[in-house]
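Chemist: So here's work_10.txt, just compact mmCIF, C-alpha atoms:
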```
# COMPACT_ATOMS: atom_id res chain seq x y z
CA MET B 1 -170.87 -23.55 10.41
CA LYS B 2 -172.09 -23.02 6.85
CA ARG B 3 -175.73 -22.54 7.80
CA LYS B 4 -177.28 -19.17 7.09
CA PRO B 5 -178.49 -17.10 10.08
CA TRP B 6 -181.69 -18.35 11.71
CA PRO B 7 -183.61 -15.07 11.15
CA LEU B 8 -183.23 -15.44 7.38
CA ILE B 9 -184.07 -19.16 7.45
CA VAL B 10 -187.23 -18.58 9.49
CA LEU B 11 -188.33 -15.66 7.32
CA ALA B 12 -187.78 -17.72 4.17
CA LEU B 13 -189.82 -20.61 5.62
CA LEU B 14 -192.65 -18.26 6.56
CA HIS B 15 -192.77 -17.15 2.93
CA PHE B 16 -192.80 -20.78 1.75
CA PHE B 17 -195.80 -21.55 3.96
CA ALA B 18 -197.57 -18.23 3.35
CA PRO B 19 -199.69 -19.69 0.49
CA LEU B 20 -201.31 -22.07 2.99
CA GLY B 21 -202.19 -19.11 5.18
CA ASN B 22 -203.56 -17.26 2.17
CA ILE B 23 -205.78 -20.20 1.25
CA VAL B 24 -207.18 -20.56 4.78
CA ALA B 25 -207.71 -16.81 5.26
CA ASN B 26 -209.34 -16.29 1.87
CA SER B 27 -211.62 -19.32 2.25
CA ILE B 28 -212.83 -17.92 5.57
CA LEU B 29 -213.27 -14.49 4.03
CA ALA B 30 -215.22 -15.98 1.10
CA LYS B 31 -217.24 -18.17 3.52
CA VAL B 32 -216.53 -21.36 1.60
CA THR B 33 -214.70 -24.57 2.41
CA ILE B 34 -210.98 -24.81 1.75
CA GLU B 35 -211.62 -27.49 -0.89
CA THR B 36 -214.09 -25.25 -2.72
CA TYR B 37 -211.72 -22.30 -2.56
CA ILE B 38 -208.81 -24.33 -3.96
CA LYS B 39 -210.95 -25.48 -6.89
CA ALA B 40 -211.96 -21.88 -7.58
CA LEU B 41 -208.36 -20.74 -7.22
CA PHE B 42 -207.25 -22.84 -10.18
CA HIS B 43 -210.07 -21.71 -12.43
CA PRO B 44 -208.67 -20.18 -15.67
CA ASP B 45 -210.11 -16.78 -14.72
CA GLU B 46 -208.19 -16.78 -11.43
CA LEU B 47 -204.70 -17.67 -12.67
CA VAL B 48 -203.31 -14.18 -12.05
CA ARG B 49 -204.59 -14.24 -8.48
CA THR B 50 -203.23 -17.77 -8.05
CA PHE B 51 -199.78 -16.72 -9.22
CA ILE B 52 -199.67 -13.65 -6.99
CA PHE B 53 -200.82 -15.29 -3.78
CA LEU B 54 -199.29 -18.75 -4.22
CA CYS B 55 -196.17 -18.35 -6.34
CA ILE B 56 -194.86 -14.93 -5.33
CA PRO B 57 -194.52 -15.77 -1.60
CA ILE B 58 -192.54 -18.89 -2.50
CA LEU B 59 -190.38 -16.86 -4.88
CA GLY B 60 -189.90 -14.31 -2.11
CA GLY B 61 -188.73 -17.04 0.27
CA ILE B 62 -186.21 -18.27 -2.29
CA LEU B 63 -184.88 -14.74 -2.82
CA ILE B 64 -184.53 -14.22 0.93
CA TYR B 65 -182.62 -17.46 1.31
CA ILE B 66 -180.27 -16.77 -1.62
CA CYS B 67 -179.01 -13.71 0.28
CA LYS B 68 -177.38 -11.72 -2.52
CA LYS B 69 -177.55 -8.06 -3.45
CA TRP B 70 -179.57 -8.80 -6.60
CA SER B 71 -182.00 -11.04 -4.68
CA TYR B 72 -182.55 -8.23 -2.16
CA TYR B 73 -183.66 -5.80 -4.86
CA LEU B 74 -185.68 -8.45 -6.69
CA TYR B 75 -187.48 -9.38 -3.47
CA LEU B 76 -188.55 -5.78 -2.88
CA LEU B 77 -189.68 -5.56 -6.50
CA VAL B 78 -191.84 -8.70 -6.48
CA MET B 79 -193.50 -7.58 -3.24
CA VAL B 80 -195.03 -4.70 -5.18
CA PHE B 81 -197.34 -7.12 -7.03
CA PRO B 82 -199.33 -8.51 -4.06
CA PHE B 83 -199.53 -4.99 -2.61
CA SER B 84 -200.95 -3.59 -5.83
CA TYR B 85 -203.26 -6.52 -6.57
CA SER B 86 -204.76 -6.48 -3.07
CA TYR B 87 -205.52 -2.78 -3.33
CA LEU B 88 -207.10 -3.15 -6.79
CA SER B 89 -209.20 -6.08 -5.53
CA TRP B 90 -210.48 -3.98 -2.66
CA GLN B 91 -211.30 -1.09 -5.00
CA SER B 92 -213.41 -3.39 -7.17
CA GLN B 93 -215.29 -4.65 -4.09
CA PRO B 94 -214.81 -2.17 -1.20
CA THR B 95 -216.43 -4.13 1.62
CA ILE B 96 -215.59 -3.81 5.30
CA GLU B 97 -214.36 -7.42 5.43
CA LEU B 98 -212.00 -6.89 2.51
CA GLY B 99 -210.85 -3.61 4.02
CA ILE B 100 -209.91 -5.31 7.30
CA TYR B 101 -208.14 -8.08 5.40
CA LEU B 102 -206.30 -5.49 3.30
CA ILE B 103 -205.13 -3.57 6.37
CA ALA B 104 -203.91 -6.78 8.06
CA PHE B 105 -202.16 -7.86 4.86
CA TYR B 106 -200.46 -4.49 4.50
CA LEU B 107 -199.34 -4.38 8.14
CA ILE B 108 -197.75 -7.83 7.98
CA ASN B 109 -195.98 -7.17 4.70
CA LEU B 110 -194.84 -3.69 5.71
CA LEU B 111 -193.26 -5.21 8.82
CA VAL B 112 -191.40 -7.73 6.66
CA VAL B 113 -190.26 -5.11 4.15
CA GLY B 114 -189.31 -2.78 7.01
CA TYR B 115 -187.20 -5.56 8.50
CA PHE B 116 -185.25 -5.83 5.25
CA ILE B 117 -184.57 -2.11 5.22
CA LEU B 118 -182.81 -2.34 8.61
CA PRO B 119 -179.07 -1.64 8.11
CA GLN B 120 -178.09 -4.81 10.03
CA VAL B 121 -180.11 -6.92 7.59
CA ARG B 122 -179.37 -5.00 4.41
CA GLN B 123 -175.60 -5.11 4.93
CA VAL B 124 -175.59 -8.92 4.88
CA TYR B 125 -177.10 -8.84 1.38
CA PHE B 126 -174.87 -6.03 0.14
CA ASP B 127 -171.48 -6.96 1.64
CA PRO B 128 -170.28 -10.50 0.78
CA ARG B 129 -167.52 -10.21 3.39
CA LEU B 130 -170.18 -10.42 6.11
CA ARG B 131 -171.68 -13.64 4.79
CA TRP B 132 -169.51 -15.89 6.95
CA TRP B 133 -171.25 -19.04 5.71
CA GLU B 134 -169.75 -18.40 2.26
CA THR B 135 -166.15 -18.09 3.41
CA LYS B 136 -163.53 -20.04 1.50
CA PRO B 137 -161.50 -22.78 3.25
CA ARG B 138 -159.01 -21.42 5.76
CA PHE B 139 -155.56 -22.73 6.53
CA LYS B 140 -153.53 -22.54 9.71
CA ALA B 141 -150.69 -20.08 9.23
CA ASP B 142 -148.73 -18.79 12.26
CA PHE B 143 -146.62 -16.51 10.06
CA GLU B 144 -144.77 -13.60 11.62
CA THR B 145 -145.71 -10.43 9.81
CA GLU B 146 -144.92 -6.76 9.61
CA PHE B 147 -147.71 -4.47 8.51
CA THR B 148 -148.60 -0.85 7.95
CA TRP B 149 -152.06 0.39 8.87
CA VAL B 150 -152.80 3.94 7.74
CA ASP B 151 -149.54 5.55 8.94
CA GLN B 152 -148.76 3.15 11.80
CA LYS B 153 -146.36 0.23 11.60
CA GLY B 154 -146.82 -2.91 13.62
CA ARG B 155 -145.80 -6.52 14.07
CA GLY B 156 -147.90 -9.58 14.68
CA GLU B 157 -148.80 -13.06 13.52
CA ILE B 158 -151.02 -14.24 10.70
CA LYS B 159 -153.06 -16.99 12.37
CA ASN B 160 -154.99 -18.24 9.34
CA LEU B 161 -155.29 -17.53 5.65
CA SER B 162 -157.77 -18.07 2.83
CA GLU B 163 -158.01 -16.93 -0.78
CA GLY B 164 -160.09 -13.95 0.27
CA GLY B 165 -158.77 -12.95 3.67
CA LEU B 166 -156.67 -13.61 6.73
CA LEU B 167 -156.60 -13.17 10.49
CA ILE B 168 -153.87 -11.13 12.17
CA GLU B 169 -153.12 -11.06 15.90
CA THR B 170 -151.15 -8.12 17.24
CA ASP B 171 -150.70 -5.82 20.24
CA LEU B 172 -151.52 -2.78 18.11
CA LYS B 173 -155.05 -1.43 18.49
CA MET B 174 -156.66 -0.56 15.15
CA ASN B 175 -160.18 -0.11 13.84
CA THR B 176 -162.08 -1.16 10.74
CA MET B 177 -161.14 1.88 8.69
CA GLY B 178 -158.18 2.29 6.39
CA ARG B 179 -156.00 0.07 4.27
CA ILE B 180 -153.49 -2.35 5.74
CA ASP B 181 -150.33 -3.53 3.93
CA ILE B 182 -149.01 -6.90 5.09
CA ASP B 183 -145.55 -8.40 4.56
CA PHE B 184 -144.52 -11.91 5.57
CA LYS B 185 -142.26 -14.78 4.56
CA TYR B 186 -143.14 -18.43 4.03
CA LYS B 187 -140.85 -21.16 2.73
CA GLU B 188 -138.14 -18.59 2.02
CA GLN B 189 -140.47 -16.59 -0.21
CA ASN B 190 -141.56 -13.05 0.56
CA TYR B 191 -145.18 -12.03 0.21
CA ALA B 192 -146.71 -8.56 0.16
CA LEU B 193 -150.49 -8.29 0.39
CA LYS B 194 -152.91 -5.45 0.96
CA GLY B 195 -156.41 -5.39 2.34
CA GLU B 196 -158.83 -3.74 4.71
CA ILE B 197 -159.89 -4.70 8.22
CA VAL B 198 -163.52 -5.86 8.30
CA TYR B 199 -163.84 -6.93 11.93
CA SER B 200 -161.88 -6.96 15.17
CA LYS B 201 -161.86 -8.82 18.48
CA ASN B 202 -160.02 -8.41 21.77
CA SER B 203 -158.81 -11.42 23.75
CA ASN B 204 -156.54 -11.22 26.80
CA GLY B 205 -154.95 -7.97 25.71
CA ARG B 206 -154.28 -9.19 22.17
CA PHE B 207 -156.19 -7.88 19.21
CA GLY B 208 -157.40 -10.04 16.35
CA TYR B 209 -158.29 -8.49 13.00
CA GLY B 210 -160.08 -10.08 10.09
CA VAL B 211 -158.66 -8.69 6.86
CA SER B 212 -160.37 -8.82 3.49
CA LEU B 213 -157.65 -8.97 0.84
CA LEU B 214 -157.60 -6.42 -1.96
CA THR B 215 -155.65 -8.22 -4.64
CA SER B 216 -154.90 -7.88 -8.32
CA GLU B 217 -155.22 -10.89 -10.60
CA GLU B 218 -151.49 -11.56 -10.27
CA GLU B 219 -151.68 -11.35 -6.48
CA ARG B 220 -154.71 -13.66 -6.45
CA GLN B 221 -152.73 -16.27 -8.34
CA THR B 222 -149.87 -15.86 -5.86
CA VAL B 223 -152.25 -16.42 -2.94
CA LYS B 224 -153.74 -19.47 -4.67
CA ARG B 225 -150.29 -20.99 -5.11
CA LEU B 226 -149.54 -20.34 -1.44
CA ILE B 227 -152.87 -21.92 -0.46
CA SER B 228 -152.05 -24.94 -2.62
CA VAL B 229 -148.76 -25.46 -0.77
CA MET B 230 -150.48 -25.10 2.61
CA SER B 231 -153.16 -27.55 1.52
CA GLU B 232 -150.54 -30.15 0.59
CA GLN B 233 -149.08 -29.76 4.07
CA GLY B 234 -152.41 -30.57 5.69
CA LEU B 235 -152.95 -27.13 7.22
CA LEU B 236 -156.65 -26.94 6.35
CA ILE B 237 -158.78 -25.77 9.28
CA THR B 238 -161.81 -28.01 9.43
CA GLY B 239 -165.22 -26.48 9.99
CA ARG B 240 -166.37 -25.88 13.51
CA ALA B 241 -168.55 -28.70 14.76
CA PRO B 242 -172.16 -27.75 15.56
CA THR B 243 -172.78 -26.82 19.18
CA GLN B 244 -175.84 -26.11 21.31
CA GLU B 245 -175.52 -22.45 20.37
CA ASP B 246 -176.16 -23.32 16.72
CA THR B 247 -179.52 -24.97 17.32
CA PHE B 248 -182.89 -23.47 16.51
CA SER B 249 -184.08 -23.92 20.11
CA TYR B 250 -181.11 -21.94 21.44
CA TRP B 251 -181.80 -19.15 18.96
CA VAL B 252 -185.46 -18.97 20.03
CA LYS B 253 -184.52 -19.00 23.72
CA ARG B 254 -181.96 -16.24 23.20
CA LEU B 255 -184.48 -14.29 21.16
CA LEU B 256 -187.10 -14.40 23.91
CA THR B 257 -184.88 -14.06 26.98
CA GLN B 258 -182.10 -11.75 25.80
CA ARG B 259 -183.83 -9.97 22.92
CA LYS B 260 -180.87 -10.91 20.71
CA GLY B 261 -180.82 -12.66 17.36
CA TRP B 262 -183.55 -10.62 15.65
CA VAL B 263 -181.13 -9.70 12.89
CA PRO B 264 -178.26 -11.70 11.33
CA GLU B 265 -175.15 -11.54 13.49
CA THR B 266 -171.94 -11.33 11.51
CA ASN B 267 -169.16 -10.72 14.03
CA ASN B 268 -166.51 -13.42 13.99
CA LYS B 269 -168.82 -16.21 12.84
CA GLY B 270 -166.75 -17.39 9.96
CA ARG B 271 -163.33 -16.51 11.23
```
Could I get this file's structure written as structure tokens?

Modeler:
Amino acid sequence: MKRKPWPLIVLALLHFFAPLGNIVANSILAKVTIETYIKALFHPDELVRTFIFLCIPILGGILIYICKKWSYYLYLLVMVFPFSYSYLSWQSQPTIELGIYLIAFYLINLLVVGYFILPQVRQVYFDPRLRWWETKPRFKADFETEFTWVDQKGRGEIKNLSEGGLLIETDLKMNTMGRIDIDFKYKEQNYALKGEIVYSKNSNGRFGYGVSLLTSEEERQTVKRLISVMSEQGLLITGRAPTQEDTFSYWVKRLLTQRKGWVPETNNKGR
């Protein structure tokens, strides 16, 4: 599946629709009709306010959905503007109604910003290896391999391969720390690659390890040539077909019944 995690999609959509909520809330606060408030909102004297409360939430939603390191920092930066503007507006007219609105606004936005500071969320933006929906095409391998992890030697099979990583199955138990050097042969040609383990799984006593390749430019070209040969042989692994577990309704049900899915889940999704 190439879809981004549901928590990020939902949060982005909430930002897209936030301007509608702002219009309704502010029209109630100003004790005018929505139509009257919209007309006032686009008055030349209110363009700054219009930009902050209509455009910035939409921009925030776009930055959330992009899911890159730079968009993470930019999102936190743009959120400073509605925070600051709301406070300055309250200072110019410190009424009880505006104070309550300001507190509610701050609480909601602090919850959102706090969510982004969570390590499980932040790591998806900072570590491209965890963004399984961006993985390059994988090809079925079944190559026998010898490898060295830290100071341990082992044997196993490379089950699939892409330009950026591969999956090894072996009887040797390892963890996600330390470099791994991998040697294998394909079509009478020897290959030597290096990488680091980024995730692991255990199935019926066998261990599977997702390896992110650490390659030089020359090694990248070698891997690309190997991928080209495998592609010509029809070894491309097609994307997993959507299942019930990929639906929005399943995510909501799991969220409410199992308390799981609040943050993006990265384990094994794209492998």

Chemist: When you count all atoms listed in the file, which of these residues is closest to Ile9 (chain B): B:Ala40, B:Leu63, B:Ile34, B:Ile168?

Modeler: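 The shortest atom-to-atom distance to Ile9 (chain B) comes from B:Leu63.
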
Chemist: Give me, please, the distance in Å between CA of Lys173 (chain B) and CA of Gln152 (chain B), quoted to one decimal.

Modeler: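 Those two atoms sit 10.3 Å apart.
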
Chemist: Would you list the contacts of Tyr87 (chain B) as a VMD selection string, taking every protein, DNA or RNA residue within 10 Å and counting all atoms listed in the file, but skipping same-chain residues closer than 6 positions in sequence?

Modeler: chain B and resid 81 93 to 94 98 to 99 102 to 103 106

Chemist: Write to file, as a compact mmCIF listing (two decimals), in the frame of the given file, the residues of the selection just made, with C-alpha atoms.

Modeler:
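This went into part39.txt:
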```txt
# COMPACT_ATOMS: atom_id res chain seq x y z
CA PHE B 81 -197.34 -7.12 -7.03
CA GLN B 93 -215.29 -4.65 -4.09
CA PRO B 94 -214.81 -2.17 -1.20
CA LEU B 98 -212.00 -6.89 2.51
CA GLY B 99 -210.85 -3.61 4.02
CA LEU B 102 -206.30 -5.49 3.30
CA ILE B 103 -205.13 -3.57 6.37
CA TYR B 106 -200.46 -4.49 4.50
```

Chemist: Starting from the point (-155.9, -9.2, 17.2), work out which residues of protein, DNA or RNA have an atom no more than 10 Å away when counting only C-alpha atoms; state them as a ChimeraX atom specification.

Modeler: /B:156-159,167-174,199-210

Chemist: Would you write out those residues with C-alpha atoms, as a short mmCIF file (atom, residue, chain, number, x, y, z; two decimals), in the coordinates of the input?

Modeler:
```cif
data_model
loop_
_atom_site.label_atom_id
_atom_site.label_comp_id
_atom_site.auth_asym_id
_atom_site.auth_seq_id
_atom_site.Cartn_x
_atom_site.Cartn_y
_atom_site.Cartn_z
CA GLY B 156 -147.90 -9.58 14.68
CA GLU B 157 -148.80 -13.06 13.52
CA ILE B 158 -151.02 -14.24 10.70
CA LYS B 159 -153.06 -16.99 12.37
CA LEU B 167 -156.60 -13.17 10.49
CA ILE B 168 -153.87 -11.13 12.17
CA GLU B 169 -153.12 -11.06 15.90
CA THR B 170 -151.15 -8.12 17.24
CA ASP B 171 -150.70 -5.82 20.24
CA LEU B 172 -151.52 -2.78 18.11
CA LYS B 173 -155.05 -1.43 18.49
CA MET B 174 -156.66 -0.56 15.15
CA TYR B 199 -163.84 -6.93 11.93
CA SER B 200 -161.88 -6.96 15.17
CA LYS B 201 -161.86 -8.82 18.48
CA ASN B 202 -160.02 -8.41 21.77
CA SER B 203 -158.81 -11.42 23.75
CA ASN B 204 -156.54 -11.22 26.80
CA GLY B 205 -154.95 -7.97 25.71
CA ARG B 206 -154.28 -9.19 22.17
CA PHE B 207 -156.19 -7.88 19.21
CA GLY B 208 -157.40 -10.04 16.35
CA TYR B 209 -158.29 -8.49 13.00
CA GLY B 210 -160.08 -10.08 10.09
#
```

Chemist: By how many Å are CA of Glu219 (chain B) and CA of Tyr191 (chain B) apart?

Modeler: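 CA of Tyr191 (chain B) lies 9.4 Å from CA of Glu219 (chain B).
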
Chemist: I'd like the neighbourhood of Thr36 (chain B) as number ranges by chain, where a residue qualifies if any of its atoms comes within 12 Å (using only C-alpha atoms), though same-chain residues fewer than 6 positions away should be ignored.

Modeler: B: 23-24, 26-28, 30, 42-43

Chemist: Store the residues picked out above in a file with C-alpha atoms, as an mmCIF file, in the frame of the given file.

Modeler:
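Written file, again_19.cif:
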```cif
data_model
loop_
_atom_site.group_PDB
_atom_site.id
_atom_site.type_symbol
_atom_site.label_atom_id
_atom_site.label_comp_id
_atom_site.auth_asym_id
_atom_site.auth_seq_id
_atom_site.Cartn_x
_atom_site.Cartn_y
_atom_site.Cartn_z
ATOM 1 C CA ILE B 23 -205.780 -20.200 1.250
ATOM 2 C CA VAL B 24 -207.180 -20.560 4.780
ATOM 3 C CA ASN B 26 -209.340 -16.290 1.870
ATOM 4 C CA SER B 27 -211.620 -19.320 2.250
ATOM 5 C CA ILE B 28 -212.830 -17.920 5.570
ATOM 6 C CA ALA B 30 -215.220 -15.980 1.100
ATOM 7 C CA PHE B 42 -207.250 -22.840 -10.180
ATOM 8 C CA HIS B 43 -210.070 -21.710 -12.430
#
```

Chemist: Tell me which protein, DNA and RNA residues are within 12 Å of Phe248 (chain B), counting all atoms listed in the file, leaving out same-chain ones fewer than 5 positions away, and put them as an NGL selection string.

Modeler: :B and (3-7 or 9-10 or 242-243 or 253-255 or 261)

Chemist: Just the selected residues (C-alpha atoms), exported as a short mmCIF file (atom, residue, chain, number, x, y, z; two decimals), in the coordinates of the input, please.

Modeler:
```cif
data_model
loop_
_atom_site.label_atom_id
_atom_site.label_comp_id
_atom_site.auth_asym_id
_atom_site.auth_seq_id
_atom_site.Cartn_x
_atom_site.Cartn_y
_atom_site.Cartn_z
CA ARG B 3 -175.73 -22.54 7.80
CA LYS B 4 -177.28 -19.17 7.09
CA PRO B 5 -178.49 -17.10 10.08
CA TRP B 6 -181.69 -18.35 11.71
CA PRO B 7 -183.61 -15.07 11.15
CA ILE B 9 -184.07 -19.16 7.45
CA VAL B 10 -187.23 -18.58 9.49
CA PRO B 242 -172.16 -27.75 15.56
CA THR B 243 -172.78 -26.82 19.18
CA LYS B 253 -184.52 -19.00 23.72
CA ARG B 254 -181.96 -16.24 23.20
CA LEU B 255 -184.48 -14.29 21.16
CA GLY B 261 -180.82 -12.66 17.36
#
```

Chemist: Looking at only C-alpha atoms, which of B:Ile182, B:Leu8, B:Val229, B:Val263 is the one that sits closest to Leu118 (chain B)?

Modeler: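 Among the listed residues, B:Val263 lies closest to Leu118 (chain B).
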
Chemist: Give me the residues near region 231-235 of chain B as JSON, numbers by chain, where near means some atom within 9 Å (using all atoms listed in the file) and where sequence neighbours in that chain fewer than 4 positions away do not count.

Modeler: {"B": [138, 139, 140, 141, 226, 227]}

Chemist: Using only C-alpha atoms, pick whichever of B:Pro57, B:Pro137, B:Gly154, B:Gly165 has the shortest atom-to-atom distance to Glu196 (chain B).

Modeler: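 Comparing B:Pro57, B:Pro137, B:Gly154, B:Gly165 against Glu196 (chain B), the winner is B:Gly165.
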
Chemist: Check the smallest atom-to-atom distance from each of B:Phe116, B:Trp132, B:Phe83, B:Phe147 to Glu265 (chain B) using all atoms listed in the file, then report the winner.

Modeler: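 Smallest distance to Glu265 (chain B) is found for B:Trp132.
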
Chemist: Write out as a list in words which residues come within 12 Å of Phe53 (chain B) when counting all atoms listed in the file, dropping same-chain ones fewer than 6 positions away.

Modeler: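 Non-adjacent residues within range: His15, Phe16, Phe17, Ala18, Pro19, Leu20, Gly21, Asn22, Ile23, Val24, Ala25, Asn26, Leu41, Phe42, Glu46, Leu47, Leu59, Gly60, Val78, Met79, Phe81, Pro82, Phe83, Ser84, Tyr85, Ser86 and Phe105 of chain B.
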
Chemist: Distance cut-off 12 Å, centre (-184.0, -14.3, -5.0) in file coordinates, counting all atoms listed in the file: which residues qualify? Return them as a PDB file with C-alpha atoms, in the frame of the given file.

Modeler:
```pdb
ATOM      1  CA  ALA B  12    -187.780 -17.720   4.170  1.00  0.00           C
ATOM      2  CA  ILE B  56    -194.860 -14.930  -5.330  1.00  0.00           C
ATOM      3  CA  PRO B  57    -194.520 -15.770  -1.600  1.00  0.00           C
ATOM      4  CA  ILE B  58    -192.540 -18.890  -2.500  1.00  0.00           C
ATOM      5  CA  LEU B  59    -190.380 -16.860  -4.880  1.00  0.00           C
ATOM      6  CA  GLY B  60    -189.900 -14.310  -2.110  1.00  0.00           C
ATOM      7  CA  GLY B  61    -188.730 -17.040   0.270  1.00  0.00           C
ATOM      8  CA  ILE B  62    -186.210 -18.270  -2.290  1.00  0.00           C
ATOM      9  CA  LEU B  63    -184.880 -14.740  -2.820  1.00  0.00           C
ATOM     10  CA  ILE B  64    -184.530 -14.220   0.930  1.00  0.00           C
ATOM     11  CA  TYR B  65    -182.620 -17.460   1.310  1.00  0.00           C
ATOM     12  CA  ILE B  66    -180.270 -16.770  -1.620  1.00  0.00           C
ATOM     13  CA  CYS B  67    -179.010 -13.710   0.280  1.00  0.00           C
ATOM     14  CA  LYS B  68    -177.380 -11.720  -2.520  1.00  0.00           C
ATOM     15  CA  LYS B  69    -177.550  -8.060  -3.450  1.00  0.00           C
ATOM     16  CA  TRP B  70    -179.570  -8.800  -6.600  1.00  0.00           C
ATOM     17  CA  SER B  71    -182.000 -11.040  -4.680  1.00  0.00           C
ATOM     18  CA  TYR B  72    -182.550  -8.230  -2.160  1.00  0.00           C
ATOM     19  CA  TYR B  73    -183.660  -5.800  -4.860  1.00  0.00           C
ATOM     20  CA  LEU B  74    -185.680  -8.450  -6.690  1.00  0.00           C
ATOM     21  CA  TYR B  75    -187.480  -9.380  -3.470  1.00  0.00           C
ATOM     22  CA  LEU B  76    -188.550  -5.780  -2.880  1.00  0.00           C
ATOM     23  CA  LEU B  77    -189.680  -5.560  -6.500  1.00  0.00           C
ATOM     24  CA  VAL B  78    -191.840  -8.700  -6.480  1.00  0.00           C
ATOM     25  CA  MET B  79    -193.500  -7.580  -3.240  1.00  0.00           C
ATOM     26  CA  TYR B 125    -177.100  -8.840   1.380  1.00  0.00           C
TER      27      TYR B 125
END
```

Chemist: CA of Gly195 (chain B) and CA of Ser162 (chain B), how far apart in Å?

Modeler: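 These two atoms are separated by 12.8 Å.
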
Chemist: Which is closer to Trp149 (chain B) than all the others in B:Lys194, B:Val121, B:Tyr115, B:Leu110, using all atoms listed in the file?

Modeler: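 Of B:Lys194, B:Val121, B:Tyr115, B:Leu110, the one nearest Trp149 (chain B), counting all atoms listed in the file, is B:Lys194.
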
Chemist: Between B:Lys224, B:Thr135, B:Arg49, B:Asp151, which one has atoms that come closest to Ile180 (chain B), using all atoms listed in the file?

Modeler: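 Residue with the minimum atom-to-atom distance to Ile180 (chain B): B:Asp151.
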